[in-house]
$ cat protein39.csv   # CSV, C-alpha atoms
chain,number,residue,atom,x,y,z
A,1,MET,CA,89.9,11.2,-71.6
A,2,LYS,CA,87.5,13.8,-73.1
A,3,ALA,CA,85.8,11.0,-75.1
A,4,ILE,CA,85.2,8.9,-71.9
A,5,SER,CA,83.8,11.9,-70.0
A,6,LYS,CA,81.4,12.5,-72.9
A,7,ILE,CA,80.3,8.9,-73.1
A,8,ILE,CA,79.6,8.7,-69.4
A,9,THR,CA,77.6,11.9,-69.3
A,10,VAL,CA,74.8,10.2,-71.2
A,11,LEU,CA,74.5,7.5,-68.6
A,12,ALA,CA,73.6,10.0,-65.9
A,13,LEU,CA,70.7,11.3,-68.0
A,14,VAL,CA,68.9,8.1,-69.1
A,15,ILE,CA,68.4,5.9,-66.1
A,16,LEU,CA,64.7,5.5,-65.4
A,17,PHE,CA,64.2,2.8,-62.7
A,18,PHE,CA,61.6,3.0,-60.0
A,19,GLY,CA,59.6,1.1,-57.3
A,20,CYS,CA,56.2,0.9,-55.6
A,21,LYS,CA,54.5,1.4,-52.2
A,22,GLN,CA,50.9,2.4,-51.5
A,23,LYS,CA,48.2,2.1,-54.1
A,24,ASP,CA,47.0,5.7,-54.2
A,25,SER,CA,50.4,7.2,-54.2
A,26,ASP,CA,51.7,4.6,-56.8
A,27,TYR,CA,48.8,5.5,-59.1
A,28,TYR,CA,50.1,9.0,-59.5
A,29,VAL,CA,53.7,7.8,-59.9
A,30,SER,CA,52.6,5.5,-62.7
A,31,LYS,CA,50.6,8.3,-64.2
A,32,GLY,CA,53.6,10.6,-64.1
A,33,ILE,CA,55.7,8.0,-65.8
A,34,LYS,CA,53.1,7.7,-68.6
A,35,TYR,CA,53.1,11.4,-69.1
A,36,LEU,CA,56.9,11.5,-69.3
A,37,LEU,CA,57.5,8.5,-71.4
A,38,ASP,CA,54.5,8.2,-73.7
A,39,LYS,CA,53.4,11.8,-74.0
A,40,ARG,CA,56.7,13.7,-73.3
A,41,ASN,CA,54.9,16.1,-71.0
A,42,THR,CA,57.3,17.1,-68.2
A,43,ASP,CA,54.8,19.5,-66.5
A,44,LEU,CA,52.1,16.9,-65.9
A,45,ALA,CA,54.7,14.3,-64.9
A,46,MET,CA,56.1,16.6,-62.3
A,47,LYS,CA,52.5,17.4,-61.1
A,48,ASN,CA,51.7,13.8,-60.6
A,49,TYR,CA,55.0,13.0,-58.8
A,50,ASN,CA,54.3,15.9,-56.4
A,51,ILE,CA,50.8,14.5,-55.7
A,52,ALA,CA,52.3,11.1,-55.1
A,53,ILE,CA,54.7,12.5,-52.5
A,54,ASP,CA,52.0,14.5,-50.8
A,55,LEU,CA,50.0,11.3,-50.4
A,56,ASP,CA,52.9,9.3,-49.1
A,57,LYS,CA,56.0,11.0,-47.8
A,58,ASN,CA,57.8,7.7,-47.7
A,59,ASN,CA,57.2,6.6,-51.3
A,60,LYS,CA,60.8,6.0,-52.6
A,61,SER,CA,59.5,5.5,-56.1
A,62,ALA,CA,58.0,9.0,-56.2
A,63,TYR,CA,61.2,10.7,-55.0
A,64,ALA,CA,63.3,8.6,-57.4
A,65,GLN,CA,61.2,9.4,-60.4
A,66,ARG,CA,61.0,13.1,-59.5
A,67,GLY,CA,64.8,13.1,-59.1
A,68,GLN,CA,65.1,11.6,-62.5
A,69,LEU,CA,62.9,14.3,-64.0
A,70,PHE,CA,64.9,17.0,-62.2
A,71,GLN,CA,67.9,15.6,-63.9
A,72,ILE,CA,66.3,15.7,-67.3
A,73,LEU,CA,65.4,19.4,-66.5
A,74,GLU,CA,69.0,20.0,-65.4
A,75,ASP,CA,68.0,21.0,-61.9
A,76,TYR,CA,70.7,18.9,-60.4
A,77,ASN,CA,70.5,20.3,-56.8
A,78,SER,CA,66.8,19.2,-56.6
A,79,ALA,CA,67.7,15.8,-58.1
A,80,ILE,CA,70.4,15.3,-55.4
A,81,SER,CA,67.8,16.3,-52.8
A,82,ASP,CA,65.3,13.7,-54.0
A,83,TYR,CA,67.9,11.0,-54.2
A,84,SER,CA,69.1,11.9,-50.7
A,85,THR,CA,65.6,11.5,-49.5
A,86,VAL,CA,65.4,8.0,-51.0
A,87,ILE,CA,68.7,7.1,-49.2
A,88,LEU,CA,67.3,8.5,-45.9
A,89,ILE,CA,64.1,6.5,-46.2
A,90,ASP,CA,66.2,3.4,-46.8
A,91,SER,CA,68.4,4.1,-43.8
A,92,LEU,CA,65.4,4.6,-41.5
A,93,LYS,CA,63.8,1.5,-42.9
A,94,LEU,CA,60.5,3.3,-43.4
A,95,ASN,CA,59.7,1.3,-46.5
A,96,ASP,CA,61.2,-2.2,-46.7
A,97,LYS,CA,59.2,-3.3,-49.7
A,98,TYR,CA,61.2,-4.5,-52.6
A,99,TYR,CA,62.4,-1.6,-54.6
A,100,ASN,CA,63.8,-2.2,-58.1
A,101,MET,CA,65.9,0.8,-59.2
A,102,GLU,CA,69.4,1.7,-59.7
A,103,GLN,CA,70.4,2.7,-56.2
A,104,PRO,CA,69.9,6.3,-55.2
A,105,HIS,CA,73.5,6.3,-54.1
A,106,SER,CA,74.6,5.5,-57.7
A,107,LEU,CA,72.2,8.0,-59.2
A,108,ARG,CA,73.4,10.8,-56.9
A,109,GLY,CA,77.0,9.7,-57.5
A,110,TRP,CA,76.6,10.3,-61.2
A,111,ILE,CA,75.4,13.8,-60.6
A,112,TYR,CA,78.4,14.5,-58.3
A,113,LEU,CA,80.6,13.0,-60.9
A,114,VAL,CA,79.4,14.5,-64.1
A,115,GLN,CA,77.6,17.7,-63.3
A,116,LYS,CA,79.3,18.8,-60.1
A,117,ASP,CA,82.8,17.3,-60.6
A,118,GLU,CA,82.9,16.5,-56.9
A,119,LEU,CA,84.9,13.2,-57.3
A,120,ASP,CA,85.2,12.3,-53.7
A,121,LYS,CA,81.5,12.6,-53.0
A,122,ALA,CA,80.8,10.6,-56.2
A,123,MET,CA,83.2,7.8,-55.2
A,124,CYS,CA,81.6,7.6,-51.7
A,125,ASP,CA,78.2,7.1,-53.3
A,126,PHE,CA,79.5,4.5,-55.7
A,127,LYS,CA,81.2,2.6,-52.8
A,128,ALA,CA,77.9,2.6,-50.9
A,129,ALA,CA,75.9,1.4,-53.9
A,130,ILE,CA,78.3,-1.5,-54.6
A,131,LYS,CA,78.1,-2.5,-50.9
A,132,ILE,CA,74.3,-2.7,-51.1
A,133,LYS,CA,74.0,-4.4,-54.5
A,134,PRO,CA,77.3,-5.5,-56.0
A,135,GLU,CA,75.6,-6.9,-59.0
A,136,LYS,CA,74.6,-3.4,-60.2
A,137,LEU,CA,77.4,-2.5,-62.7
A,138,LEU,CA,76.9,1.2,-63.3
A,139,SER,CA,78.6,2.1,-60.1
A,140,TYR,CA,81.7,0.2,-61.2
A,141,VAL,CA,81.6,2.3,-64.4
A,142,GLY,CA,81.3,5.4,-62.2
A,143,PHE,CA,84.4,4.4,-60.3
A,144,ALA,CA,86.3,3.9,-63.5
A,145,THR,CA,85.3,7.4,-64.8
A,146,ALA,CA,86.2,9.0,-61.5
A,147,TYR,CA,89.7,7.4,-61.7
A,148,VAL,CA,90.1,8.6,-65.3
A,149,LYS,CA,89.3,12.1,-64.1
A,150,LYS,CA,91.9,11.7,-61.3
A,151,ASN,CA,94.3,10.4,-64.0
A,152,GLN,CA,94.7,7.1,-62.1
A,153,LEU,CA,94.3,5.0,-65.1
A,154,ASP,CA,95.3,1.6,-63.7
A,155,SER,CA,92.5,1.9,-61.2
A,156,ALA,CA,90.1,2.9,-63.9
A,157,LEU,CA,91.1,-0.1,-65.9
A,158,HIS,CA,90.5,-2.3,-62.9
A,159,TYR,CA,86.9,-1.3,-62.5
A,160,ILE,CA,86.1,-1.6,-66.2
A,161,ASN,CA,87.6,-5.1,-66.2
A,162,ILE,CA,85.2,-6.0,-63.3
A,163,VAL,CA,82.3,-4.9,-65.5
A,164,ILE,CA,83.5,-6.9,-68.5
A,165,GLU,CA,84.2,-10.0,-66.3
A,166,LYS,CA,80.7,-9.8,-64.8
A,167,ASN,CA,78.9,-9.1,-68.1
A,168,PRO,CA,80.9,-8.6,-71.3
A,169,ASP,CA,77.8,-7.6,-73.3
A,170,PHE,CA,76.7,-5.2,-70.6
A,171,LYS,CA,73.2,-5.0,-72.1
A,172,ASP,CA,71.8,-2.7,-69.4
A,173,VAL,CA,68.3,-1.4,-70.4
A,174,PHE,CA,69.7,2.1,-71.1
A,175,VAL,CA,73.3,1.3,-72.0
A,176,PRO,CA,74.1,0.4,-75.6
A,177,ARG,CA,75.7,-3.0,-76.1
A,178,GLY,CA,79.4,-2.8,-76.7
A,179,SER,CA,79.9,0.6,-74.9
A,180,ILE,CA,82.0,-0.9,-72.2
A,181,PHE,CA,84.6,-2.2,-74.7
A,182,TYR,CA,84.6,1.3,-76.2
A,183,ILE,CA,85.3,2.8,-72.8
A,184,ARG,CA,88.1,0.3,-72.0
A,185,GLY,CA,89.6,0.8,-75.4
A,186,ASN,CA,89.9,4.5,-74.7
A,187,ILE,CA,91.5,3.9,-71.3
A,188,LEU,CA,94.0,1.5,-72.9
A,189,LYS,CA,94.8,4.2,-75.5
A,190,LEU,CA,95.6,6.6,-72.6
A,191,LEU,CA,97.8,3.9,-71.2
A,192,ASN,CA,99.6,3.7,-74.6
A,193,GLN,CA,98.5,0.1,-75.1
A,194,ASP,CA,97.5,0.7,-78.6
A,195,ASP,CA,97.1,-2.9,-79.8
A,196,LYS,CA,94.8,-3.9,-77.0
A,197,ALA,CA,92.9,-0.6,-77.5
A,198,LYS,CA,92.3,-1.4,-81.1
A,199,GLU,CA,91.0,-4.9,-80.2
A,200,ASP,CA,88.5,-3.4,-77.8
A,201,LEU,CA,87.3,-0.6,-80.1
A,202,LYS,CA,86.8,-3.3,-82.8
A,203,LYS,CA,84.8,-5.4,-80.4
A,204,ALA,CA,82.6,-2.4,-79.6
A,205,ALA,CA,82.1,-1.7,-83.3
A,206,ASP,CA,81.4,-5.4,-84.1
A,207,MET,CA,78.7,-5.3,-81.3
A,208,GLY,CA,77.0,-2.4,-83.1
A,209,PHE,CA,78.2,0.4,-80.8
A,210,LYS,CA,78.7,3.9,-82.4
A,211,TYR,CA,79.6,6.8,-80.1
A,212,SER,CA,78.2,9.4,-82.6
A,213,ASP,CA,74.8,7.6,-82.7
A,214,TRP,CA,74.7,7.4,-78.9
A,215,THR,CA,75.2,11.1,-78.3
A,216,LYS,CA,73.7,12.8,-81.2
A,217,ASN,CA,70.2,13.1,-79.6
A,218,TYR,CA,71.6,14.6,-76.4
A,219,LYS,CA,74.1,17.2,-77.7
A,220,ASN,CA,73.9,20.4,-79.6
A,221,ASP,CA,76.0,19.4,-82.6
A,222,THR,CA,76.2,21.7,-85.6
A,223,SER,CA,77.6,18.8,-87.7
A,224,LEU,CA,74.3,16.9,-87.5
A,225,LYS,CA,72.8,16.0,-90.8
A,226,ASN,CA,69.4,17.4,-91.8
A,227,SER,CA,67.5,14.3,-90.8
A,228,ASP,CA,68.9,14.6,-87.3
A,229,ASP,CA,68.0,18.3,-87.1
A,230,LYS,CA,64.4,17.4,-88.2
A,231,PHE,CA,64.3,14.7,-85.6
A,232,LYS,CA,65.2,17.1,-82.8
A,233,LYS,CA,62.6,19.6,-84.1
A,234,GLY,CA,59.9,16.9,-84.2
A,235,ASP,CA,60.9,15.8,-80.7
A,236,ASN,CA,60.5,19.4,-79.4
A,237,TYR,CA,57.1,19.7,-81.0
A,238,LEU,CA,56.1,16.5,-79.1
A,239,ILE,CA,57.0,18.1,-75.9
A,240,LEU,CA,54.9,21.2,-76.9
A,241,LYS,CA,52.1,18.8,-77.8
A,242,GLN,CA,51.9,20.1,-81.3
A,243,SER,CA,51.5,16.7,-82.9
A,244,ASP,CA,50.7,18.0,-86.4
A,245,LYS,CA,54.1,19.8,-86.7
A,246,ALA,CA,55.9,16.9,-85.1
A,247,ILE,CA,54.4,14.5,-87.7
A,248,SER,CA,55.5,16.8,-90.5
A,249,TYR,CA,59.1,16.9,-89.2
A,250,PHE,CA,59.4,13.2,-88.6
A,251,LYS,CA,58.0,12.3,-92.0
A,252,ALA,CA,60.5,14.7,-93.6
A,253,ALA,CA,63.3,13.2,-91.7
A,254,ILE,CA,62.3,9.7,-92.8
A,255,GLN,CA,62.7,10.7,-96.4
A,256,GLU,CA,66.4,11.3,-95.7
A,257,ASP,CA,67.0,8.5,-93.2
A,258,LYS,CA,64.6,5.6,-93.7
A,259,GLU,CA,66.6,3.2,-91.5
A,260,ASN,CA,66.3,5.3,-88.3
A,261,LEU,CA,63.6,3.6,-86.3
A,262,ASP,CA,63.6,6.4,-83.7
A,263,LEU,CA,61.8,8.5,-86.3
A,264,TYR,CA,59.0,5.9,-86.5
A,265,ILE,CA,58.7,5.9,-82.7
A,266,GLY,CA,58.4,9.7,-82.9
A,267,LEU,CA,55.5,9.3,-85.3
A,268,TYR,CA,53.9,6.7,-83.0
A,269,ILE,CA,54.0,9.2,-80.1
A,270,ALA,CA,52.7,12.0,-82.3
A,271,TYR,CA,49.7,10.0,-83.5
A,272,ARG,CA,49.0,8.9,-79.9
A,273,GLN,CA,48.9,12.6,-79.0
A,274,ALA,CA,46.5,13.2,-81.8
A,275,HIS,CA,44.4,10.2,-80.7
A,276,GLN,CA,44.8,8.5,-84.1
A,277,THR,CA,45.4,5.0,-82.8
A,278,ASP,CA,45.3,3.3,-86.2
A,279,SER,CA,48.2,5.3,-87.4
A,280,ALA,CA,50.0,4.8,-84.1
A,281,PHE,CA,49.6,1.0,-84.5
A,282,LYS,CA,51.0,1.3,-88.0
A,283,TYR,CA,54.3,2.8,-87.0
A,284,ILE,CA,54.8,0.8,-83.8
A,285,ASN,CA,54.1,-2.4,-85.7
A,286,TYR,CA,56.6,-1.3,-88.4
A,287,VAL,CA,59.4,-0.8,-85.7
A,288,ILE,CA,58.7,-4.2,-84.2
A,289,SER,CA,58.8,-5.9,-87.6
A,290,LYS,CA,62.3,-4.4,-88.2
A,291,ASP,CA,63.8,-4.9,-84.7
A,292,SER,CA,61.9,-6.8,-82.0
A,293,LEU,CA,64.5,-6.0,-79.3
A,294,PHE,CA,64.8,-2.4,-80.3
A,295,SER,CA,68.0,-1.4,-78.5
A,296,SER,CA,67.6,2.2,-79.4
A,297,ASP,CA,69.8,4.7,-77.6
A,298,HIS,CA,67.1,7.3,-77.5
A,299,TYR,CA,64.2,5.2,-76.2
A,300,GLY,CA,65.7,2.1,-74.5
A,301,ARG,CA,65.8,-1.7,-75.2
A,302,GLY,CA,62.4,-3.4,-75.4
A,303,ILE,CA,60.4,-0.2,-74.9
A,304,ILE,CA,58.4,-0.7,-78.2
A,305,PHE,CA,56.4,-3.6,-76.6
A,306,VAL,CA,55.5,-1.3,-73.8
A,307,LEU,CA,54.4,1.4,-76.2
A,308,ARG,CA,52.2,-1.1,-78.1
A,309,GLY,CA,50.9,-2.4,-74.8
A,310,ASN,CA,50.0,1.2,-73.9
A,311,LEU,CA,47.9,1.4,-77.0
A,312,TYR,CA,46.0,-1.8,-76.0
A,313,LEU,CA,45.6,-0.4,-72.5
A,314,TYR,CA,44.2,2.8,-73.9
A,315,LEU,CA,41.7,0.8,-76.0
A,316,LYS,CA,40.9,-1.4,-72.9
A,317,GLN,CA,42.1,-4.5,-74.6
A,318,ASP,CA,43.7,-5.8,-71.4
A,319,GLN,CA,44.8,-9.3,-72.4
A,320,LYS,CA,46.7,-7.9,-75.4
A,321,ALA,CA,48.2,-5.2,-73.2
A,322,ILE,CA,49.4,-7.8,-70.7
A,323,ILE,CA,51.0,-9.9,-73.5
A,324,GLU,CA,53.0,-6.9,-74.7
A,325,TYR,CA,54.2,-5.8,-71.3
A,326,LYS,CA,55.4,-9.4,-70.6
A,327,LYS,CA,57.3,-9.4,-73.9
A,328,ALA,CA,59.0,-6.2,-72.8
A,329,ALA,CA,59.8,-7.5,-69.3
A,330,ASP,CA,61.2,-10.7,-70.8
A,331,ILE,CA,63.9,-8.8,-72.6
A,332,GLY,CA,64.8,-6.6,-69.6
A,333,CYS,CA,62.5,-3.6,-69.7
A,334,ILE,CA,61.8,-2.9,-66.0
A,335,PHE,CA,59.2,-0.3,-66.8
A,336,ALA,CA,57.1,-3.1,-68.3
A,337,SER,CA,57.0,-4.9,-65.0
A,338,LYS,CA,55.9,-1.8,-63.2
A,339,MET,CA,53.1,-1.3,-65.8
A,340,LEU,CA,51.9,-4.8,-65.1
A,341,LYS,CA,51.9,-4.2,-61.3
A,342,ALA,CA,50.3,-0.7,-61.5
A,343,ASN,CA,47.5,-1.6,-63.9
A,344,TYR,CA,46.9,-5.3,-63.3
A,345,ASN,CA,48.5,-6.1,-60.0
A,346,ILE,CA,50.6,-8.7,-61.7
A,347,ASP,CA,54.1,-9.4,-60.4
A,348,TYR,CA,56.2,-10.3,-63.4
A,349,PRO,CA,58.7,-11.8,-63.4
A,350,LYS,CA,57.6,-13.3,-60.1
A,351,LYS,CA,59.8,-12.5,-57.2
A,352,GLU,CA,61.4,-15.5,-55.5
$ encode --input "protein39.csv" --output "structure tokens"
Amino acid sequence: MKAISKIITVLALVILFFGCKQKDSDYYVSKGIKYLLDKRNTDLAMKNYNIAIDLDKNNKSAYAQRGQLFQILEDYNSAISDYSTVILIDSLKLNDKYYNMEQPHSLRGWIYLVQKDELDKAMCDFKAAIKIKPEKLLSYVGFATAYVKKNQLDSALHYINIVIEKNPDFKDVFVPRGSIFYIRGNILKLLNQDDKAKEDLKKAADMGFKYSDWTKNYKNDTSLKNSDDKFKKGDNYLILKQSDKAISYFKAAIQEDKENLDLYIGLYIAYRQAHQTDSAFKYINYVISKDSLFSSDHYGRGIIFVLRGNLYLYLKQDQKAIIEYKKAADIGCIFASKMLKANYNIDYPKKE
């Protein structure tokens, strides 16, 4: 049960979906996202989200993004407040424009579930989220987790089975492939169904899922190897915008762990901060040559094409940027679609 609680905690921290409304307000939402994703600057991201909200009090995207940032900063009460505002705007129908994000009910539910341990409130939110969009699977996982915490394992198994029936690979943008079999395997272990549990855990491993890889970048773990420690230090220097020190740590980590593509992404971001675009291209191209889908737990599936697109955008090579964003969108990166809309007014994929 402890393992399942750990694994679900990560889900509540990594969801980054958002939507759009007015042009001026959306500009600042997009700018905030760029600061957070590409430059790791939480202060400027927050400033831009605040400006977006000042310009349009009904921009659900701005509240949702700020709520996500509050989650990252572990200000859970403020995150709940922003998600509640999104829900209120929905209920009052103040903005009926298509809004592509994991429902605010689900996002708020995860905070109630993981950080607040208020299971009944969490389950009410998951129920509402499923009623609105039953195809969104994270709320079913939330139900399963809540039932595990209540020690109602048969109900937990029921909801995990729904997820697997709907999408056995469960390749959500921010959820590692195979993780659902890992979760079900642990539930089956708690139900003393060891043979079935072993089958699911083997499926998870065969699909490339490793629990330790998933959590190592989010937890303070004294057992981390030296390369992991250097990665975390490099990441911290990125946030502090000390790109020279970040580069030093990432390169040192690569000497010990040459297969870890997150390190090369770190170098890309550091060189972007230093405005050394040739070096940034070198490292992003290397990652794409090794894994064009890039299902990294730390950065998200398909995000590398967005990052290369951002380089082209910075260099005002618009046609190349559009190609990269479309590649990312084609493999499920919702952020890429928002970049196309925000920068080029392109709806992609086209809405029916």
$ closest_residue --input "protein39.csv" --among "A:Leu188, A:Ala204, A:Ala329, A:Ala45" --to "Val306 of chain A" --atoms "all atoms listed in the file"
A:Ala329
$ atom_distance --input "protein39.csv" --atom1 "atom CA of Asp75 of chain A" --atom2 "atom CA of Leu307 of chain A"
27.8 Å
$ closest_residue --input "protein39.csv" --among "A:Ser91, A:Ser84, A:Asn343, A:Gln255" --to "Arg108 of chain A" --atoms "all atoms listed in the file"
A:Ser84
$ residues_around --input "protein39.csv" --residues "Arg272 of chain A" --least-positions-apart "6" --cutoff "10 Å" --atoms "all atoms listed in the file" --output "count of residues only"
12
$ atom_distance --input "protein39.csv" --atom1 "atom CA of Asn77 of chain A" --atom2 "atom CA of Gly142 of chain A"
19.2 Å
$ residues_around --input "protein39.csv" --residues "Asp26 of chain A" --least-positions-apart "3" --cutoff "12 Å" --atoms "all atoms listed in the file" --output "NGL selection string"
:A and (18-23 or 29-33 or 48-63 or 65 or 338-339 or 341-343 or 345)
$ atom_distance --input "protein39.csv" --atom1 "atom CA of Lys326 of chain A" --atom2 "atom CA of Arg308 of chain A"
11.6 Å
$ closest_residue --input "protein39.csv" --among "A:Leu261, A:Leu191, A:Ile132, A:Val148" --to "Phe294 of chain A" --atoms "all atoms listed in the file"
A:Leu261
$ closest_residue --input "protein39.csv" --among "A:Met123, A:Ile111, A:Leu263, A:Ala128" --to "Ala144 of chain A" --atoms "only C-alpha atoms"
A:Met123
$ residues_around --input "protein39.csv" --residues "Phe143 of chain A" --least-positions-apart "2" --cutoff "10 Å" --atoms "all atoms listed in the file" --output "PDB file with C-alpha atoms, keeping the file's coordinate frame"
ATOM      1  CA  GLY A 109      77.000   9.700 -57.500  1.00  0.00           C
ATOM      2  CA  TRP A 110      76.600  10.300 -61.200  1.00  0.00           C
ATOM      3  CA  LEU A 113      80.600  13.000 -60.900  1.00  0.00           C
ATOM      4  CA  LEU A 119      84.900  13.200 -57.300  1.00  0.00           C
ATOM      5  CA  ALA A 122      80.800  10.600 -56.200  1.00  0.00           C
ATOM      6  CA  MET A 123      83.200   7.800 -55.200  1.00  0.00           C
ATOM      7  CA  CYS A 124      81.600   7.600 -51.700  1.00  0.00           C
ATOM      8  CA  ASP A 125      78.200   7.100 -53.300  1.00  0.00           C
ATOM      9  CA  PHE A 126      79.500   4.500 -55.700  1.00  0.00           C
ATOM     10  CA  LYS A 127      81.200   2.600 -52.800  1.00  0.00           C
ATOM     11  CA  LEU A 138      76.900   1.200 -63.300  1.00  0.00           C
ATOM     12  CA  SER A 139      78.600   2.100 -60.100  1.00  0.00           C
ATOM     13  CA  TYR A 140      81.700   0.200 -61.200  1.00  0.00           C
ATOM     14  CA  VAL A 141      81.600   2.300 -64.400  1.00  0.00           C
ATOM     15  CA  THR A 145      85.300   7.400 -64.800  1.00  0.00           C
ATOM     16  CA  ALA A 146      86.200   9.000 -61.500  1.00  0.00           C
ATOM     17  CA  TYR A 147      89.700   7.400 -61.700  1.00  0.00           C
ATOM     18  CA  VAL A 148      90.100   8.600 -65.300  1.00  0.00           C
ATOM     19  CA  LYS A 149      89.300  12.100 -64.100  1.00  0.00           C
ATOM     20  CA  SER A 155      92.500   1.900 -61.200  1.00  0.00           C
ATOM     21  CA  ALA A 156      90.100   2.900 -63.900  1.00  0.00           C
ATOM     22  CA  LEU A 157      91.100  -0.100 -65.900  1.00  0.00           C
ATOM     23  CA  HIS A 158      90.500  -2.300 -62.900  1.00  0.00           C
ATOM     24  CA  TYR A 159      86.900  -1.300 -62.500  1.00  0.00           C
ATOM     25  CA  ILE A 160      86.100  -1.600 -66.200  1.00  0.00           C
TER      26      ILE A 160
END
$ closest_residue --input "protein39.csv" --among "A:Asn192, A:Asn41, A:Asn260, A:Ser81" --to "Asp228 of chain A" --atoms "only C-alpha atoms"
A:Asn260
$ decode --input "protein39.csv" --residues "segment 181-199 of chain A" --atoms "N, CA and C atoms" --output "PDB file, in the first residue's frame"
ATOM      1  N   PHE A 181      -0.063  -1.356 -14.823  1.00  0.00           N
ATOM      2  CA  PHE A 181       0.133  -2.756 -14.455  1.00  0.00           C
ATOM      3  C   PHE A 181       0.914  -2.871 -13.143  1.00  0.00           C
ATOM      4  N   TYR A 182       1.851  -1.946 -12.933  1.00  0.00           N
ATOM      5  CA  TYR A 182       2.587  -1.931 -11.668  1.00  0.00           C
ATOM      6  C   TYR A 182       1.626  -1.681 -10.499  1.00  0.00           C
ATOM      7  N   ILE A 183       0.717  -0.724 -10.673  1.00  0.00           N
ATOM      8  CA  ILE A 183      -0.243  -0.407  -9.608  1.00  0.00           C
ATOM      9  C   ILE A 183      -1.166  -1.599  -9.366  1.00  0.00           C
ATOM     10  N   ARG A 184      -1.700  -2.178 -10.455  1.00  0.00           N
ATOM     11  CA  ARG A 184      -2.598  -3.326 -10.258  1.00  0.00           C
ATOM     12  C   ARG A 184      -1.856  -4.498  -9.639  1.00  0.00           C
ATOM     13  N   GLY A 185      -0.616  -4.687 -10.032  1.00  0.00           N
ATOM     14  CA  GLY A 185       0.168  -5.759  -9.438  1.00  0.00           C
ATOM     15  C   GLY A 185       0.296  -5.613  -7.939  1.00  0.00           C
ATOM     16  N   ASN A 186       0.484  -4.389  -7.481  1.00  0.00           N
ATOM     17  CA  ASN A 186       0.602  -4.163  -6.043  1.00  0.00           C
ATOM     18  C   ASN A 186      -0.736  -4.352  -5.322  1.00  0.00           C
ATOM     19  N   ILE A 187      -1.828  -3.979  -5.968  1.00  0.00           N
ATOM     20  CA  ILE A 187      -3.146  -4.235  -5.370  1.00  0.00           C
ATOM     21  C   ILE A 187      -3.378  -5.743  -5.259  1.00  0.00           C
ATOM     22  N   LEU A 188      -3.028  -6.478  -6.309  1.00  0.00           N
ATOM     23  CA  LEU A 188      -3.196  -7.930  -6.285  1.00  0.00           C
ATOM     24  C   LEU A 188      -2.333  -8.582  -5.192  1.00  0.00           C
ATOM     25  N   LYS A 189      -1.148  -8.021  -4.971  1.00  0.00           N
ATOM     26  CA  LYS A 189      -0.307  -8.526  -3.883  1.00  0.00           C
ATOM     27  C   LYS A 189      -0.992  -8.345  -2.539  1.00  0.00           C
ATOM     28  N   LEU A 190      -1.632  -7.177  -2.356  1.00  0.00           N
ATOM     29  CA  LEU A 190      -2.340  -6.929  -1.109  1.00  0.00           C
ATOM     30  C   LEU A 190      -3.540  -7.858  -0.949  1.00  0.00           C
ATOM     31  N   LEU A 191      -4.095  -8.322  -2.084  1.00  0.00           N
ATOM     32  CA  LEU A 191      -5.209  -9.276  -2.055  1.00  0.00           C
ATOM     33  C   LEU A 191      -4.714 -10.719  -2.002  1.00  0.00           C
ATOM     34  N   ASN A 192      -3.399 -10.888  -1.852  1.00  0.00           N
ATOM     35  CA  ASN A 192      -2.771 -12.211  -1.768  1.00  0.00           C
ATOM     36  C   ASN A 192      -2.960 -13.035  -3.046  1.00  0.00           C
ATOM     37  N   GLN A 193      -3.117 -12.367  -4.178  1.00  0.00           N
ATOM     38  CA  GLN A 193      -3.186 -13.044  -5.468  1.00  0.00           C
ATOM     39  C   GLN A 193      -1.809 -12.952  -6.127  1.00  0.00           C
ATOM     40  N   ASP A 194      -0.868 -13.704  -5.548  1.00  0.00           N
ATOM     41  CA  ASP A 194       0.543 -13.524  -5.891  1.00  0.00           C
ATOM     42  C   ASP A 194       0.866 -13.858  -7.342  1.00  0.00           C
ATOM     43  N   ASP A 195       0.259 -14.915  -7.868  1.00  0.00           N
ATOM     44  CA  ASP A 195       0.569 -15.306  -9.249  1.00  0.00           C
ATOM     45  C   ASP A 195       0.134 -14.217 -10.230  1.00  0.00           C
ATOM     46  N   LYS A 196      -1.083 -13.692 -10.047  1.00  0.00           N
ATOM     47  CA  LYS A 196      -1.561 -12.613 -10.908  1.00  0.00           C
ATOM     48  C   LYS A 196      -0.727 -11.346 -10.717  1.00  0.00           C
ATOM     49  N   ALA A 197      -0.316 -11.108  -9.471  1.00  0.00           N
ATOM     50  CA  ALA A 197       0.514  -9.935  -9.194  1.00  0.00           C
ATOM     51  C   ALA A 197       1.829 -10.024  -9.945  1.00  0.00           C
ATOM     52  N   LYS A 198       2.449 -11.200  -9.930  1.00  0.00           N
ATOM     53  CA  LYS A 198       3.719 -11.379 -10.635  1.00  0.00           C
ATOM     54  C   LYS A 198       3.556 -11.139 -12.128  1.00  0.00           C
ATOM     55  N   GLU A 199       2.436 -11.604 -12.694  1.00  0.00           N
ATOM     56  CA  GLU A 199       2.185 -11.390 -14.123  1.00  0.00           C
ATOM     57  C   GLU A 199       2.119  -9.899 -14.452  1.00  0.00           C
TER      58      GLU A 199
END
